[in-house]
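Trainee: Can you read through this structure? Questions will come right after.
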Amino acid sequence: MGISLIAGVATVTLPNIFHATLSLVAALLGIAGIYLILHAEFLAVIQVLLYVGAVVTLIIFAIMLTEGISNKTIAQRNKLGPAAVGGAVVFLAALWGVIRSTPWPIQGGTSENSYATLASLAGSLLGDYIFPFEVISVILIAVLIGAIVIAKKDSV
Amino acid sequence: MMPVPLQHFLFFAAALFVIGVYGALVRRNIIGILLSIELIVNAVNVNLVAFSRSTSLAPETGQIFALFIIAMAAAAVAVGLAIVLALFRIRKTIFTDQIDLLKG
């Protein structure tokens with residue numbers, strides 16, 4: 001957890017956007033470890049494959065295509081810094097108060113048979129949640145075509 | 001193994017969310033803002049999985065929600081980066097305060 005938080009802070013504060021992306025990789029790997037702690041092994045694998053594998057590669061491609069990664073002289077932040085820090089701290093304090101004062105149920109899922117196995121995950125993905133599953137496949141197709149159309153050379 | 005209490009995961013997710021919000025507010029670079037949004041989405045996913053572990057509902061529910069959110073975040077990043085590329089081709093900048101085409 002601490003690794004993820006430190007890497008997250010580095011992601012938002014590092015001046016070089018390429019270094020920020022690499023620290024985002026560290027944060028995402030830490031979150032995959034948290035999924036392992038929570039017995040969500042499938043999600044951990046998906047996190048590594050999709051985020052660390054695909055999304056970060058895509059972001060690095062976009063960085064390479066848009067700006068030289070060597071120009072460190074340009075300011076990477078706007079003038080909202082102190083106000084944003086203040087707002088973030090206030091919001092975190094409010095959330096912390098809510099989390100501490102709410103009576104959460106005692107861990108119900110500690111027994112062995114309450115783990116979501118891969119088979120039960122697949123069963124409910126193709127059983128109860130079949131409609132969102134189909135919808136998201138249509139959305140992914142639309143995104144595929146839309147991204148190509150937007151980024152095409154002679155569009156707009 | 002001693003199970004980690006739910007509050008620890010919730011506080012971790014809240015902290016990660018706040019870090020992401022800060023980054024989305026202060027970054028000038030559009031790609032930096034996209035990175036911060038990834039942090040926010042991951043914080044929400046950690047919350048979903050932690051809740052699905054600790055409540056007595058079916059343990060798959062939260063993980064399936066997290067899967068859908070991961071897919072949607074990947075789609076959002078793909079479209080966002082396509083827009084960034086198109087914008088860079090037209091305006092030669094990816095800094096948000098220099099993109100003021102609609103400012104009268």
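The chains in the structure tokens are called A, B, ... from first to last as shown; in each chain the residues are counted from 1, and the ligands are counted from 1 in the order shown.
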Running DSSP on the backbone, which parts of range 23-93 of chain A land in alpha helix (DSSP H), as number ranges by chain?

Mentor: A: 23-37, 41-46, 56-66, 81-93

Trainee: Would you pick out the contacts of Leu95 in chain A at 9 Å or less, using only C-alpha atoms, so that residues sharing its chain but fewer than 4 positions from it are not included, and give the list as a ChimeraX atom specification?

Mentor: /A:90-91,99-100 /B:11,14

Trainee: My list of candidates is B:Leu34, B:Pro5, B:Ile64, B:Leu39. Which is closest to Ile19 in chain B when distances are computed with only C-alpha atoms?

Mentor: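 Among B:Leu34, B:Pro5, B:Ile64, B:Leu39, it is B:Leu39 that comes nearest to Ile19 in chain B.
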
Trainee: Could you give me, as a PyMOL selection string, the residues within 9 Å of Gln63 in chain B, counting only C-alpha atoms and dropping anything in the same chain fewer than 4 positions from it?

Mentor: (chain A and resi 40+42-43+116+121) or (chain B and resi 45+48-49+52+59+67-68)

Trainee: Compute the chain B side of the contact with chain A at 6 Å, counting only C-alpha atoms, and hand it back as a ChimeraX atom specification.

Mentor: /B:18,22-23,26-28,53-56,59-60,79,82,86

Trainee: Which distance in Å separates CA of Leu10 in chain B and CA of Pro103 in chain A, to one decimal?

Mentor: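 According to the coordinates, CA of Leu10 in chain B and CA of Pro103 in chain A are separated by 13.0 Å.
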
Trainee: Do a neighbour search on Asp100 in chain B at 12 Å with only C-alpha atoms, toss out local chain neighbours closer than 5 positions, and write the hits as a PyMOL selection string.

Mentor: chain B and resi 87+91+93-95

Trainee: Could you please take those selected residues and save N, CA and C atoms as a CSV table (one decimal), in the first residue's frame?

Mentor:
```
chain,number,residue,atom,x,y,z
B,87,LEU,N,-5.5,16.7,-31.5
B,87,LEU,CA,-5.3,18.1,-31.0
B,87,LEU,C,-3.9,18.6,-31.2
B,91,ARG,N,-3.1,21.9,-33.1
B,91,ARG,CA,-2.7,23.1,-32.3
B,91,ARG,C,-1.3,23.1,-31.9
B,93,THR,N,0.2,21.8,-29.5
B,93,THR,CA,0.4,21.9,-28.0
B,93,THR,C,-0.5,20.9,-27.3
B,94,ILE,N,-0.1,20.4,-26.1
B,94,ILE,CA,-0.9,19.6,-25.3
B,94,ILE,C,-1.1,20.2,-23.9
B,95,PHE,N,-0.9,21.5,-23.8
B,95,PHE,CA,-1.1,22.1,-22.5
B,95,PHE,C,-2.5,22.7,-22.5
```

Trainee: In Å, with one decimal, what is the gap from CA of Gly33 in chain A to CA of Val46 in chain B?

Mentor: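 Taking CA of Gly33 in chain A and CA of Val46 in chain B, their separation equals 10.8 Å.
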
Trainee: Would you mind telling me which residue in B:Leu25, B:Val44, B:Leu101, B:Leu16 lies nearest to Ala73 in chain B when using only C-alpha atoms?

Mentor: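 Going through B:Leu25, B:Val44, B:Leu101, B:Leu16 one by one, the smallest distance to Ala73 in chain B is for B:Val44.
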
Trainee: Which residue, A:Val138, A:Leu126, A:Val52, A:Val98, has the smallest gap to Leu22 in chain A when you use only C-alpha atoms?

Mentor: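 Ranked by minimum distance to Leu22 in chain A, first place goes to A:Val52.
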
Trainee: As an exercise, work out the distance from CA of Gly80 in chain B to CA of Ile31 in chain B in Å and give it to one decimal place.

Mentor: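 Pair CA of Gly80 in chain B / CA of Ile31 in chain B returns 8.7 Å.
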
Trainee: Which residues, written as a VMD selection string, have at least one atom at most 7 Å from Ala24 in chain B, with only C-alpha atoms counted and residues fewer than 3 positions away on the same chain left out?

Mentor: chain B and resid 20 to 21 27 33 36 to 37

Trainee: Let me make sure I understand: among B:Ala50, B:Leu35, B:Ile40, B:Ala78, which one has the smallest atom-to-atom distance to Phe65 in chain B if we use only C-alpha atoms?

Mentor: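 The answer is B:Ala50, which sits nearest to Phe65 in chain B.
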